[in-house]
$ cat upload-v6.cif   # mmCIF, C-alpha atoms
data_entry
#
loop_
_atom_site.label_atom_id
_atom_site.label_comp_id
_atom_site.auth_asym_id
_atom_site.auth_seq_id
_atom_site.Cartn_x
_atom_site.Cartn_y
_atom_site.Cartn_z
CA MET A 284 -44.12 18.78 82.84
CA LYS A 285 -47.17 19.84 80.87
CA PHE A 286 -47.04 20.71 77.20
CA SER A 287 -47.81 24.35 77.98
CA ASP A 288 -44.45 24.50 79.80
CA PHE A 289 -42.50 22.88 76.96
CA PRO A 290 -40.33 25.42 75.09
CA GLN A 291 -41.85 26.11 71.66
CA ALA A 292 -38.48 27.28 70.39
CA VAL A 293 -37.29 23.68 70.68
CA VAL A 294 -40.24 22.43 68.61
CA LYS A 295 -39.69 25.07 65.93
CA GLU A 296 -35.96 24.29 65.72
CA ASN A 297 -36.71 20.59 65.29
CA VAL A 298 -39.33 21.22 62.60
CA ASP A 299 -36.80 23.29 60.63
CA TRP A 300 -34.07 20.71 61.25
CA SER A 301 -36.30 17.82 60.13
CA VAL A 302 -37.15 19.60 56.86
CA ARG A 303 -33.41 19.97 56.17
CA GLU A 304 -32.74 16.38 57.19
CA ILE A 305 -35.54 14.95 55.03
CA THR A 306 -34.15 16.87 52.06
CA ASN A 307 -30.65 15.62 52.87
CA VAL A 308 -31.73 11.96 53.19
CA ILE A 309 -33.54 12.01 49.84
CA LYS A 310 -30.65 13.68 48.01
CA ARG A 311 -27.92 11.66 49.70
CA TYR A 312 -29.34 8.14 49.88
CA GLY A 313 -31.67 7.95 46.89
CA PRO A 314 -34.67 5.60 46.43
CA ARG A 315 -35.48 3.68 49.60
CA GLU A 316 -37.11 0.50 48.33
CA SER A 317 -38.14 -1.70 51.25
CA GLY A 318 -35.17 -3.73 52.45
CA ASN A 319 -32.53 -2.17 50.22
CA GLU A 320 -29.15 -0.74 51.18
CA ASN A 321 -30.44 2.82 50.97
CA CYS A 322 -32.88 2.18 53.81
CA LEU A 323 -30.09 0.83 55.98
CA ALA A 324 -27.81 3.74 55.05
CA ALA A 325 -30.53 6.23 56.02
CA GLN A 326 -31.09 4.38 59.30
CA LYS A 327 -27.35 4.49 60.04
CA HIS A 328 -27.38 8.21 59.28
CA ILE A 329 -30.15 8.62 61.87
CA LYS A 330 -28.31 6.40 64.36
CA LYS A 331 -25.24 8.61 64.18
CA GLU A 332 -27.35 11.60 65.23
CA MET A 333 -29.29 9.75 67.93
CA ASP A 334 -26.20 8.24 69.54
CA THR A 335 -25.48 11.72 70.89
CA PHE A 336 -28.64 11.97 73.02
CA CYS A 337 -29.95 8.41 73.53
CA ASP A 338 -29.01 5.84 76.15
CA GLU A 339 -29.20 2.92 73.72
CA THR A 340 -29.46 2.45 69.95
CA GLY A 341 -29.35 -0.65 67.80
CA PHE A 342 -30.63 -2.70 64.87
CA GLU A 343 -32.78 -5.81 64.65
CA THR A 344 -32.48 -7.80 61.41
CA TYR A 345 -35.25 -9.85 59.83
CA LYS A 346 -36.05 -11.44 56.45
CA MET A 347 -38.42 -10.10 53.80
CA ASN A 348 -38.92 -9.54 50.07
CA PRO A 349 -39.99 -6.07 48.90
CA LYS A 350 -41.98 -7.21 45.85
CA ALA A 351 -43.92 -10.06 47.48
CA PHE A 352 -46.67 -7.76 48.75
CA LEU A 353 -47.84 -6.17 45.49
CA HIS A 354 -46.33 -8.24 42.67
CA PHE A 355 -49.43 -10.45 42.72
CA THR A 356 -51.26 -7.61 40.91
CA LYS A 357 -49.33 -8.45 37.77
CA THR A 358 -49.72 -12.21 38.17
CA VAL A 359 -53.49 -12.26 38.72
CA SER A 360 -54.14 -9.67 36.01
CA VAL A 361 -52.16 -11.65 33.41
CA LEU A 362 -53.84 -14.94 34.40
CA THR A 363 -57.32 -13.41 34.26
CA ILE A 364 -56.74 -11.73 30.90
CA LEU A 365 -55.28 -14.94 29.46
CA ALA A 366 -58.15 -17.07 30.78
CA ILE A 367 -60.77 -14.78 29.22
CA VAL A 368 -59.01 -14.21 25.87
CA VAL A 369 -57.81 -17.80 25.38
CA CYS A 370 -61.24 -19.23 26.18
CA LEU A 371 -62.81 -16.78 23.74
CA PHE A 372 -60.50 -17.99 20.95
CA LEU A 373 -61.12 -21.64 21.82
CA VAL A 374 -64.87 -21.04 21.54
CA TYR A 375 -64.29 -19.37 18.17
CA PHE A 376 -62.50 -22.52 16.98
CA ASN A 377 -65.33 -24.75 18.31
CA VAL A 378 -63.13 -26.53 20.86
CA PHE A 379 -65.93 -26.53 23.47
CA GLU A 380 -68.79 -27.32 21.06
CA GLY A 381 -71.27 -29.79 22.54
CA MET A 382 -69.86 -29.67 26.10
CA GLY A 383 -72.88 -27.80 27.46
CA GLN A 384 -76.03 -26.06 26.35
CA THR A 385 -73.74 -23.32 24.98
CA ALA A 386 -70.13 -23.31 23.86
CA PHE A 387 -69.36 -20.99 26.82
CA PHE A 388 -70.19 -23.57 29.51
CA ILE A 389 -66.60 -24.79 30.11
CA PRO A 390 -65.10 -21.28 29.57
CA GLN A 391 -67.42 -19.94 32.27
CA ILE A 392 -66.05 -22.53 34.70
CA ILE A 393 -62.43 -21.78 33.75
CA VAL A 394 -62.81 -18.00 33.90
CA GLY A 395 -64.89 -18.14 37.09
CA GLY A 396 -62.30 -20.36 38.78
CA VAL A 397 -59.39 -18.07 37.84
CA ILE A 398 -61.30 -14.99 38.99
CA ILE A 399 -62.27 -16.53 42.33
CA ILE A 400 -58.64 -17.50 42.98
CA SER A 401 -57.57 -13.96 42.04
CA LEU A 402 -60.07 -12.47 44.47
CA LEU A 403 -58.90 -14.76 47.26
CA ILE A 404 -55.26 -13.77 46.71
CA ALA A 405 -56.16 -10.08 46.57
CA GLY A 406 -58.22 -10.42 49.74
CA LEU A 407 -55.38 -12.10 51.62
CA GLN A 408 -52.69 -9.70 50.38
CA LEU A 409 -54.37 -6.28 50.22
CA THR A 410 -57.34 -6.58 52.57
CA LEU A 411 -55.98 -8.74 55.39
CA TYR A 412 -52.23 -8.18 54.80
CA LYS A 413 -51.60 -11.93 55.04
CA PRO A 414 -48.25 -12.78 53.37
CA PHE A 415 -49.66 -15.52 51.11
CA CYS A 416 -47.33 -14.73 48.19
CA ASP A 417 -44.14 -14.53 50.25
CA MET A 418 -43.50 -18.25 49.79
CA PHE A 419 -42.83 -17.65 46.08
CA TYR A 420 -40.11 -15.01 46.59
CA LYS A 421 -36.54 -15.18 47.81
CA LYS A 422 -36.10 -13.26 51.06
CA LYS A 423 -33.28 -10.92 52.02
CA ASP A 424 -32.19 -9.02 55.11
CA ALA A 425 -33.97 -5.87 56.27
CA ASN A 426 -33.55 -3.91 59.49
CA ASN A 427 -35.52 -2.14 62.18
CA PHE A 428 -33.65 0.59 64.06
CA TYR A 429 -34.45 1.59 67.63
CA ALA A 430 -33.24 4.31 70.00
CA ILE A 431 -34.10 4.52 73.70
CA ARG A 432 -34.13 7.35 76.20
CA LYS A 433 -34.34 5.93 79.73
CA PRO A 434 -36.03 7.62 82.70
CA ARG A 435 -34.31 8.75 85.89
CA GLY A 436 -35.90 6.05 88.01
CA GLU A 437 -37.35 2.58 87.59
CA ILE A 438 -38.99 1.86 84.23
CA LYS A 439 -42.72 1.51 84.89
CA LYS A 440 -44.09 2.71 81.55
CA ARG A 441 -42.87 2.79 77.96
CA ILE A 442 -44.06 4.80 74.99
CA ILE A 443 -42.91 3.91 71.48
CA ILE A 444 -43.02 6.49 68.68
CA CYS A 445 -42.81 4.64 65.37
CA GLY A 446 -42.19 5.73 61.78
CA HIS A 447 -41.11 3.76 58.71
CA ILE A 448 -38.02 4.63 56.65
CA ASP A 449 -38.92 2.81 53.41
CA ALA A 450 -40.80 4.38 50.51
CA ALA A 451 -43.41 2.91 48.17
CA TYR A 452 -43.20 1.78 44.58
CA GLU A 453 -44.95 4.28 42.34
CA TRP A 454 -48.68 3.74 41.87
CA ARG A 455 -49.69 4.91 38.40
CA HIS A 456 -53.31 5.41 39.55
CA THR A 457 -52.18 8.28 41.79
CA ARG A 458 -49.29 9.43 39.61
CA TYR A 459 -51.69 10.34 36.82
CA SER A 460 -54.27 11.82 39.18
CA THR A 461 -54.53 15.49 40.09
CA ASP A 462 -55.86 17.36 43.10
CA LYS A 463 -59.23 17.60 41.32
CA ILE A 464 -59.34 14.35 39.34
CA HIS A 465 -58.73 11.20 41.40
CA LEU A 466 -58.29 8.03 39.36
CA MET A 467 -57.56 5.64 42.21
CA PHE A 468 -61.07 4.78 43.42
CA PRO A 469 -62.80 4.68 39.99
CA LEU A 470 -60.15 2.41 38.46
CA MET A 471 -59.94 0.12 41.50
CA ALA A 472 -63.75 -0.02 41.68
CA TRP A 473 -63.81 -1.07 38.03
CA THR A 474 -61.17 -3.73 38.64
CA ILE A 475 -62.52 -5.19 41.89
CA GLY A 476 -66.18 -4.70 40.94
CA GLY A 477 -65.57 -6.31 37.56
CA LEU A 478 -63.93 -9.35 39.17
CA ILE A 479 -66.75 -9.82 41.66
CA ILE A 480 -69.51 -9.43 39.06
CA SER A 481 -67.70 -11.74 36.62
CA ALA A 482 -67.38 -14.38 39.34
CA ILE A 483 -71.13 -14.14 40.06
CA ILE A 484 -71.97 -14.25 36.36
CA ALA A 485 -69.78 -17.33 35.85
CA ILE A 486 -71.51 -19.13 38.72
CA ILE A 487 -75.01 -18.23 37.48
CA SER A 488 -74.16 -19.23 33.89
CA THR A 489 -72.81 -22.57 35.08
CA ILE A 490 -75.94 -23.28 37.12
CA ALA A 491 -78.14 -22.28 34.15
CA ASN A 492 -76.60 -25.14 32.15
CA PHE A 493 -78.16 -27.61 34.60
CA ALA A 494 -81.27 -25.86 35.91
CA ASP A 495 -84.12 -24.21 34.04
CA MET A 496 -83.86 -20.50 34.84
CA GLY A 497 -86.12 -19.38 32.03
CA ALA A 498 -85.29 -16.43 29.79
CA PHE A 499 -82.87 -15.05 32.37
CA GLY A 500 -80.86 -18.27 32.31
CA ASP A 501 -80.83 -18.35 28.51
CA PHE A 502 -79.63 -14.75 28.40
CA MET A 503 -76.85 -15.42 30.92
CA MET A 504 -75.62 -18.48 29.03
CA MET A 505 -75.58 -16.72 25.66
CA TYR A 506 -74.40 -13.17 26.43
CA SER A 507 -72.79 -13.01 29.88
CA TYR A 508 -69.30 -13.68 28.49
CA HIS A 509 -69.38 -10.16 27.08
CA PHE A 510 -69.01 -8.84 30.61
CA HIS A 511 -65.88 -10.95 31.10
CA ILE A 512 -64.32 -9.02 28.22
CA LEU A 513 -64.97 -5.77 30.12
CA THR A 514 -63.34 -7.37 33.15
CA ALA A 515 -60.29 -8.26 31.04
CA LEU A 516 -59.99 -4.58 30.08
CA ALA A 517 -60.21 -3.62 33.76
CA MET A 518 -57.38 -6.05 34.53
CA VAL A 519 -55.16 -4.15 32.09
CA THR A 520 -55.31 -1.19 34.50
CA LEU A 521 -54.33 -3.53 37.36
CA LEU A 522 -51.44 -4.90 35.30
CA PHE A 523 -49.94 -1.42 35.07
CA TYR A 524 -51.04 -0.34 38.55
CA VAL A 525 -47.59 -0.59 40.22
CA ASP A 526 -44.37 0.63 38.63
CA PHE A 527 -41.73 -1.53 40.30
CA LYS A 528 -38.92 0.38 38.56
CA THR A 529 -39.78 3.68 40.24
CA VAL A 530 -39.69 4.30 44.00
CA SER A 531 -41.33 7.35 45.53
CA PRO A 532 -38.94 9.79 47.29
CA GLY A 533 -41.15 9.27 50.35
CA ALA A 534 -40.63 12.75 51.79
CA ASN A 535 -44.02 12.86 53.47
CA ASP A 536 -44.72 9.11 53.43
CA ASN A 537 -42.92 8.57 55.58
CA LEU A 538 -39.82 10.58 56.41
CA THR A 539 -42.11 13.01 58.24
CA GLY A 540 -43.21 10.15 60.50
CA THR A 541 -39.63 8.92 60.83
CA TYR A 542 -38.43 12.31 62.00
CA ALA A 543 -41.41 12.69 64.34
CA ALA A 544 -39.97 9.65 66.16
CA VAL A 545 -36.38 10.94 65.95
CA CYS A 546 -37.29 14.44 67.11
CA ALA A 547 -39.45 13.18 69.97
CA LEU A 548 -36.24 12.10 71.73
CA ARG A 549 -34.21 14.98 70.34
CA MET A 550 -36.68 17.55 71.66
CA LEU A 551 -36.72 15.96 75.12
CA ASP A 552 -32.94 16.17 75.18
CA MET A 553 -32.78 19.76 73.94
CA ALA A 554 -35.41 20.87 76.47
CA GLY A 555 -33.57 19.06 79.28
CA VAL A 556 -36.64 16.95 80.12
CA GLU A 557 -35.93 13.78 82.10
CA LEU A 558 -38.97 11.63 82.77
CA GLU A 559 -39.25 9.92 86.12
CA ASN A 560 -40.48 6.43 85.23
CA THR A 561 -41.30 6.49 81.49
CA GLU A 562 -38.95 5.06 78.87
CA VAL A 563 -39.27 6.64 75.42
CA MET A 564 -38.35 4.63 72.32
CA ALA A 565 -38.06 5.74 68.71
CA LEU A 566 -38.64 2.78 66.38
CA ILE A 567 -37.73 3.28 62.72
CA THR A 568 -39.05 0.29 60.81
CA ASP A 569 -38.33 -0.94 57.31
CA GLY A 570 -40.86 -2.83 55.20
CA GLU A 571 -44.09 -0.99 55.97
CA GLU A 572 -44.65 -0.49 52.24
CA ALA A 573 -44.05 -4.21 51.72
CA GLY A 574 -47.00 -5.23 53.88
CA LEU A 575 -46.01 -4.03 57.38
CA LYS A 576 -43.16 -6.54 57.36
CA GLY A 577 -40.83 -4.63 59.71
CA THR A 578 -43.43 -4.06 62.39
CA LYS A 579 -44.66 -7.63 62.18
CA ALA A 580 -41.09 -8.85 62.69
CA TRP A 581 -40.61 -6.52 65.66
CA VAL A 582 -43.91 -7.54 67.25
CA LYS A 583 -43.02 -11.22 66.86
CA ALA A 584 -39.61 -10.67 68.46
CA HIS A 585 -41.08 -8.68 71.37
CA LYS A 586 -44.43 -10.40 71.88
CA ASP A 587 -43.75 -10.95 75.59
CA GLU A 588 -43.63 -7.18 76.10
CA ALA A 589 -47.18 -6.62 74.90
CA ASN A 590 -48.66 -7.54 78.26
CA GLY A 591 -45.55 -7.37 80.43
CA ASP A 592 -44.95 -5.52 83.68
CA VAL A 593 -44.03 -2.32 81.84
CA LYS A 594 -47.18 -0.61 80.56
CA THR A 595 -46.51 0.10 76.86
CA ALA A 596 -48.23 2.45 74.43
CA VAL A 597 -47.38 2.82 70.74
CA VAL A 598 -47.97 5.85 68.52
CA CYS A 599 -47.30 5.27 64.83
CA VAL A 600 -46.83 8.49 62.87
CA ASP A 601 -47.42 8.19 59.13
CA THR A 602 -47.46 11.17 56.73
CA LEU A 603 -47.65 14.69 58.15
CA LYS A 604 -48.66 16.72 55.11
CA ASP A 605 -52.34 17.70 54.79
CA PHE A 606 -53.05 19.74 57.93
CA GLU A 607 -56.82 19.76 57.40
CA TYR A 608 -56.80 15.94 57.76
CA PHE A 609 -54.71 15.86 60.94
CA ASN A 610 -56.36 13.08 62.97
CA VAL A 611 -55.91 10.06 65.23
CA TYR A 612 -56.94 6.68 63.80
CA SER A 613 -58.61 4.12 66.05
CA ARG A 614 -59.45 1.71 63.21
CA ASP A 615 -56.89 0.48 60.73
CA MET A 616 -56.12 -1.96 57.92
CA ASN A 617 -59.13 -1.16 55.73
CA SER A 618 -61.08 -0.52 58.98
CA LEU A 619 -60.83 -4.22 59.89
CA VAL A 620 -58.39 -3.83 62.81
CA LYS A 621 -59.31 -1.94 65.96
CA ASN A 622 -56.50 0.12 67.46
CA ASP A 623 -56.47 0.80 71.18
CA ILE A 624 -59.20 3.31 72.01
CA GLU A 625 -57.55 4.49 75.25
CA VAL A 626 -54.26 5.30 73.52
CA SER A 627 -56.23 6.93 70.69
CA LYS A 628 -58.06 9.13 73.20
CA LEU A 629 -54.78 9.93 74.95
CA VAL A 630 -53.26 11.21 71.69
CA LEU A 631 -56.45 13.10 70.81
CA GLU A 632 -56.54 14.84 74.20
CA ALA A 633 -52.82 15.62 73.95
CA GLY A 634 -53.35 17.11 70.50
CA LYS A 635 -56.16 19.30 71.77
CA GLU A 636 -54.00 20.45 74.68
CA ALA A 637 -51.37 21.39 72.11
CA GLY A 638 -53.94 23.61 70.40
CA TYR A 639 -55.32 21.37 67.65
CA GLU A 640 -58.99 21.51 68.56
CA ASP A 641 -60.22 20.21 65.19
CA MET A 642 -58.56 16.80 65.61
CA LYS A 643 -60.89 13.81 65.44
CA ILE A 644 -60.71 10.05 65.83
CA GLY A 645 -60.94 8.52 62.38
CA SER A 646 -60.58 5.28 60.48
CA VAL A 647 -58.09 4.09 57.85
CA PHE A 648 -60.59 3.00 55.18
CA MET A 649 -58.01 2.12 52.52
CA GLY A 650 -54.64 0.56 53.27
CA SER A 651 -52.96 0.27 56.64
CA SER A 652 -50.44 1.78 58.99
CA ASP A 653 -47.88 0.07 61.23
CA ALA A 654 -50.31 0.57 64.13
CA ALA A 655 -52.46 -2.27 62.78
CA ALA A 656 -49.59 -4.75 63.08
CA PHE A 657 -48.89 -3.58 66.63
CA SER A 658 -52.58 -3.93 67.53
CA GLN A 659 -52.77 -7.41 66.01
CA GLY A 660 -49.73 -8.33 68.11
CA GLY A 661 -51.43 -7.26 71.33
CA PHE A 662 -49.76 -3.85 71.78
CA ALA A 663 -51.86 -0.84 72.79
CA SER A 664 -51.38 1.21 69.63
CA THR A 665 -52.80 4.01 67.54
CA ALA A 666 -51.92 5.97 64.40
CA LEU A 667 -51.39 9.70 63.94
CA ALA A 668 -51.47 11.11 60.41
CA ALA A 669 -52.32 14.12 58.27
CA MET A 670 -53.11 12.92 54.76
CA ASP A 671 -55.96 13.46 52.33
CA PRO A 672 -57.73 10.06 52.09
CA ALA A 673 -58.85 10.78 48.49
CA PRO A 674 -55.97 9.62 48.30
CA ALA A 675 -53.62 12.59 47.96
CA SER A 676 -52.16 13.24 44.51
CA TYR A 677 -48.62 12.71 45.89
CA TYR A 678 -49.47 9.40 47.55
CA HIS A 679 -47.08 6.61 46.53
CA ASN A 680 -45.57 8.40 43.56
CA SER A 681 -42.68 10.62 42.50
CA ARG A 682 -44.51 13.83 43.53
CA ASP A 683 -43.86 12.97 47.20
CA ASN A 684 -40.61 14.94 47.32
CA TYR A 685 -39.04 17.44 49.70
CA ASP A 686 -40.36 20.40 47.72
CA ILE A 687 -43.93 19.75 48.95
CA LEU A 688 -43.16 19.34 52.66
CA ASN A 689 -45.60 21.22 54.89
CA PRO A 690 -43.90 22.59 58.05
CA GLU A 691 -47.30 23.46 59.55
CA ALA A 692 -48.44 19.82 59.44
CA ILE A 693 -45.04 18.60 60.64
CA LYS A 694 -45.21 20.98 63.61
CA ALA A 695 -48.71 19.74 64.47
CA GLY A 696 -47.35 16.18 64.54
CA PHE A 697 -44.32 17.11 66.64
CA ASP A 698 -46.45 19.12 69.10
CA THR A 699 -48.90 16.26 69.50
CA VAL A 700 -46.19 13.62 69.93
CA ILE A 701 -44.43 15.62 72.66
CA ALA A 702 -47.74 16.42 74.34
CA THR A 703 -48.64 12.70 74.23
CA ILE A 704 -45.33 11.66 75.82
CA LEU A 705 -45.68 14.22 78.61
CA LYS A 706 -49.32 13.33 79.21
CA PHE A 707 -48.60 9.58 79.23
CA ASP A 708 -45.81 10.14 81.76
CA GLU A 709 -47.99 12.36 83.93
CA GLU A 710 -50.98 9.99 83.98
#
$ encode --input "upload-v6.cif" --output "structure tokens"
Amino acid sequence: MKFSDFPQAVVKENVDWSVREITNVIKRYGPRESGNENCLAAQKHIKKEMDTFCDETGFETYKMNPKAFLHFTKTVSVLTILAIVVCLFLVYFNVFEGMGQTAFFIPQIIVGGVIIISLLIAGLQLTLYKPFCDMFYKKKDANNFYAIRKPRGEIKKRIIICGHIDAAYEWRHTRYSTDKIHLMFPLMAWTIGGLIISAIIAIISTIANFADMGAFGDFMMMYSYHFHILTALAMVTLLFYVDFKTVSPGANDNLTGTYAAVCALRMLDMAGVELENTEVMALITDGEEAGLKGTKAWVKAHKDEANGDVKTAVVCVDTLKDFEYFNVYSRDMNSLVKNDIEVSKLVLEAGKEAGYEDMKIGSVFMGSSDAAAFSQGGFASTALAAMDPAPASYYHNSRDNYDILNPEAIKAGFDTVIATILKFDEE
């Protein structure tokens, strides 16, 4: 079957149903912090529905800690502020007098060391999504839910539609932004830029204590510590960056993606479509907002399937809200991970067949989607999303509620997912 033959009434009914269901899940199950009981309750709610039209459903349990991914922001900000302020007071009381050409020689080494360690931790956690800090946190159970619709004949191909059920802790940088005034990039640029410049200044000032660098060296030794004070102020914004007491409702990010996966199978059932040799799986992960933990656990448990006899493609749907930014993403995880270009092109072509001619192949410049973890695990994967990369004023905060759902963007996602499944089966 081609998408042009697929009944649009089925798509429309599922868009309307998903809007009601998203509203119901938020009202009924409350904040869905990664790995908490509300996530599992919402997954069980979905399972009850999917049991009626799927051949197999189930859960896979793994271990994780929801705060391990971002809690380092508080740790490194406090350590950096303390290092700068304490060293400043120790200089004031002449503790470091005579230890270098200036009293700031040892403080430069201390502050520089703390800042370099902070940058390394931030790079591992936020840039590369390496779980460095997990060793310091107690882990608890979390779950991935899957539902499978089998083909009529032998399974020769498999397509996985993935969405995550968990919601993010509130980010104050976006919570206090507006559609016209975006605080995220300026504040993060101040924080990260300040750390990098302070690290460079500390290194230069230390070298200037041993090598003759002329007037420039003298200036750096005497006055460069003033910049560290500006960096300490920037770290105050990082300290209050994440509000761990408030969890976003996650209506768009990512119940829209969750229900794109659910409705992919539901729409096939309602339209009476039985694929010949293609198995369709809906995978509802937990822990995406905690550093892609759920997907990484699933990939580890199913690593033999990445290059097995059954050709597998993965489409991760994440946030269907801003229709003008409805695109496929071939690069992920701060643009450092390359998603599968063939699967990306498949989704793009399917989207265009569904009538979305303005779709493009883009890159996730900030943050990551579950597709990156699939790609790192060897699975042919891509991401489908419709979100303002500014980032959007509702991103990771309490504005992301059911009252701002956009049925037009949801329909675009549903159309493209169904068109992708049909095209993948046909080709």
$ residues_around --input "upload-v6.cif" --residues "segment 403-408 of chain A" --least-positions-apart "3" --cutoff "8 Å" --atoms "all atoms listed in the file" --output "VMD selection string"
chain A and resid 352 to 353 355 to 356 399 to 400 411 to 416
$ write_last_selection --input "upload-v6.cif" --atoms "C-alpha atoms" --output "compact mmCIF listing (two decimals), in the frame of the given file"
# COMPACT_ATOMS: atom_id res chain seq x y z
CA PHE A 352 -46.67 -7.76 48.75
CA LEU A 353 -47.84 -6.17 45.49
CA PHE A 355 -49.43 -10.45 42.72
CA THR A 356 -51.26 -7.61 40.91
CA ILE A 399 -62.27 -16.53 42.33
CA ILE A 400 -58.64 -17.50 42.98
CA LEU A 411 -55.98 -8.74 55.39
CA TYR A 412 -52.23 -8.18 54.80
CA LYS A 413 -51.60 -11.93 55.04
CA PRO A 414 -48.25 -12.78 53.37
CA PHE A 415 -49.66 -15.52 51.11
CA CYS A 416 -47.33 -14.73 48.19
$ resolve_selection --input "upload-v6.cif" --expression "the PyMOL selection byres ((chain A and resi 530) around 9)" --output "PyMOL selection string"
chain A and resi 314-316+450-453+526-529+531-533+679-681
$ residues_around --input "upload-v6.cif" --residues "Thr363 of chain A" --least-positions-apart "4" --cutoff "7 Å" --atoms "all atoms listed in the file" --output "compact mmCIF listing (two decimals) with C-alpha atoms, keeping the file's coordinate frame"
# COMPACT_ATOMS: atom_id res chain seq x y z
CA VAL A 359 -53.49 -12.26 38.72
CA ILE A 367 -60.77 -14.78 29.22
CA VAL A 397 -59.39 -18.07 37.84
CA ILE A 398 -61.30 -14.99 38.99
CA ALA A 515 -60.29 -8.26 31.04
$ residues_around --input "upload-v6.cif" --residues "segment 634-651 of chain A" --least-positions-apart "6" --cutoff "6 Å" --atoms "all atoms listed in the file" --output "PyMOL selection string"
chain A and resi 610-612+614-618+699
$ residues_around --input "upload-v6.cif" --residues "Lys327 of chain A" --least-positions-apart "3" --cutoff "12 Å" --atoms "only C-alpha atoms" --output "VMD selection string"
chain A and resid 308 312 320 to 324 330 to 334 340 to 342 426 to 430 448 567
$ residues_around --input "upload-v6.cif" --residues "segment 585-601 of chain A" --least-positions-apart "6" --cutoff "6 Å" --atoms "all atoms listed in the file" --output "PyMOL selection string"
chain A and resi 439-446+537+540+654+661-668
$ resolve_selection --input "upload-v6.cif" --expression "the PyMOL selection byres ((chain A and resi 575) around 9)" --output "CSV table (one decimal) with C-alpha atoms, in the coordinates of the input"
chain,number,residue,atom,x,y,z
A,412,TYR,CA,-52.2,-8.2,54.8
A,568,THR,CA,-39.0,0.3,60.8
A,569,ASP,CA,-38.3,-0.9,57.3
A,570,GLY,CA,-40.9,-2.8,55.2
A,571,GLU,CA,-44.1,-1.0,56.0
A,572,GLU,CA,-44.6,-0.5,52.2
A,573,ALA,CA,-44.0,-4.2,51.7
A,574,GLY,CA,-47.0,-5.2,53.9
A,576,LYS,CA,-43.2,-6.5,57.4
A,577,GLY,CA,-40.8,-4.6,59.7
A,578,THR,CA,-43.4,-4.1,62.4
A,579,LYS,CA,-44.7,-7.6,62.2
A,580,ALA,CA,-41.1,-8.8,62.7
A,651,SER,CA,-53.0,0.3,56.6
A,652,SER,CA,-50.4,1.8,59.0
A,653,ASP,CA,-47.9,0.1,61.2
A,655,ALA,CA,-52.5,-2.3,62.8
A,656,ALA,CA,-49.6,-4.8,63.1
$ atom_distance --input "upload-v6.cif" --atom1 "atom CA of Val361 of chain A" --atom2 "atom CA of Gly318 of chain A"
26.7 Å
$ atom_distance --input "upload-v6.cif" --atom1 "atom CA of Tyr608 of chain A" --atom2 "atom CA of Glu709 of chain A"
27.8 Å
$ resolve_selection --input "upload-v6.cif" --expression "the PyMOL selection byres ((chain A and resi 469) around 12)" --output "PDB file with C-alpha atoms, in the frame of the given file"
ATOM      1  CA  HIS A 456     -53.310   5.410  39.550  1.00  0.00           C
ATOM      2  CA  THR A 457     -52.180   8.280  41.790  1.00  0.00           C
ATOM      3  CA  SER A 460     -54.270  11.820  39.180  1.00  0.00           C
ATOM      4  CA  ILE A 464     -59.340  14.350  39.340  1.00  0.00           C
ATOM      5  CA  HIS A 465     -58.730  11.200  41.400  1.00  0.00           C
ATOM      6  CA  LEU A 466     -58.290   8.030  39.360  1.00  0.00           C
ATOM      7  CA  MET A 467     -57.560   5.640  42.210  1.00  0.00           C
ATOM      8  CA  PHE A 468     -61.070   4.780  43.420  1.00  0.00           C
ATOM      9  CA  LEU A 470     -60.150   2.410  38.460  1.00  0.00           C
ATOM     10  CA  MET A 471     -59.940   0.120  41.500  1.00  0.00           C
ATOM     11  CA  ALA A 472     -63.750  -0.020  41.680  1.00  0.00           C
ATOM     12  CA  TRP A 473     -63.810  -1.070  38.030  1.00  0.00           C
ATOM     13  CA  THR A 474     -61.170  -3.730  38.640  1.00  0.00           C
ATOM     14  CA  ILE A 475     -62.520  -5.190  41.890  1.00  0.00           C
ATOM     15  CA  GLY A 476     -66.180  -4.700  40.940  1.00  0.00           C
ATOM     16  CA  GLY A 477     -65.570  -6.310  37.560  1.00  0.00           C
ATOM     17  CA  ALA A 517     -60.210  -3.620  33.760  1.00  0.00           C
ATOM     18  CA  THR A 520     -55.310  -1.190  34.500  1.00  0.00           C
ATOM     19  CA  ALA A 673     -58.850  10.780  48.490  1.00  0.00           C
ATOM     20  CA  PRO A 674     -55.970   9.620  48.300  1.00  0.00           C
TER      21      PRO A 674
END
$ atom_distance --input "upload-v6.cif" --atom1 "atom CA of Val525 of chain A" --atom2 "atom CA of Ile483 of chain A"
27.2 Å
